[in-house]
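Notes to accompany the following structure.
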Amino acid sequence: MIDFSLRACSRHGHATFAPDEPELRERLHVTTVAGEAWRCLRCETFVVGPPRGSGPASTAPEVPRGKLLRDLAIMRILSVERGVRGLVIVLIGIGVIRIRGSHEQLQDAFNRELPLIRPIAEQLGWDMDTSKVVHFFIKAFSMSAETLLLIAVGLFIYAGILMVEAIGLWLAKRWGEYFAVVATSVFIPLEIYELSERLTLFRIVVFALNIAAVVWLVWSKRLFGVNGGAPAYHAEHAAESLLTVEHAAAREAAQA
């Protein structure tokens, strides 16, 4: 089983903190032959050396660990997928703009080069008569400059939405989780329509991934009041903080 806490500490360093409260300070600090050591708030290992931060316990940084750290890794994967898809769509939009700017010249060049490419394509087993790439360019050249501009603008807007999703998910912001669910859900009816028109492995995989992402985000991040809603979400984050746990343990010990 992957220990996400240890992996995070190996990449970013241990998250040690010295609270001002004596009872908490005692629980997070030990003295060794190598010097003082402070307990990492993420992996719970005692690390020799001065703490990375100090102050009242209420000012300690929230350090994701356990389930929250695993969820953060999943959100980073979703973020990268959205970012890569957004970049690809930006490149497609730029291509549409270039076609629009040199519409006639590109069409003439395409018509001139297509017969020369056909014998090579036949040798490679590429059927140009049924090629989606060839049909895309033929259809694009038949469109007006105004239509191509609208298509490019639509592509850039969609890419922008994906980039906002990617940023929000990467930073693990609450608004990013909501934005990702809403933005992904808006396009699901379009994906269903595309599947009804023609089933392809790519469309099925993309549709399944989007559905899984929406369900996972809504349930695990307790969005829209699901699974306990915001109160349960914030309670979970507080409970996952080692410093909060230690604080609660210190209070119970004092009351005993």
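Naming works like this for the structure tokens: A, B, ... for the chains as they're shown, residue 1 at the start of each chain, ligands 1 onward in shown order.
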**Asked** Skipping near chain neighbours, those fewer than 3 positions away, what residues fall within 12 Å of Val153 in chain A using only C-alpha atoms, listed as a list in words?
**Response** Ile89, Val90, Ile92, Gly93, Ile94, Gly95, Val96, Ile97, Glu146, Thr147, Leu148, Leu149, Leu150, Phe156, Ile157, Tyr158, Ala159 and Gly160 of chain A
**Request:** Would you work out the distance separating CA of Val80 in chain A from CA of Ala166 in chain A, expressed in Å to one decimal?
**Result:**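 A separation of 6.6 Å between them.
Between CA of Ala213 in chain A and CA of Phe187 in chain A the interatomic distance comes to 13.1 Å.
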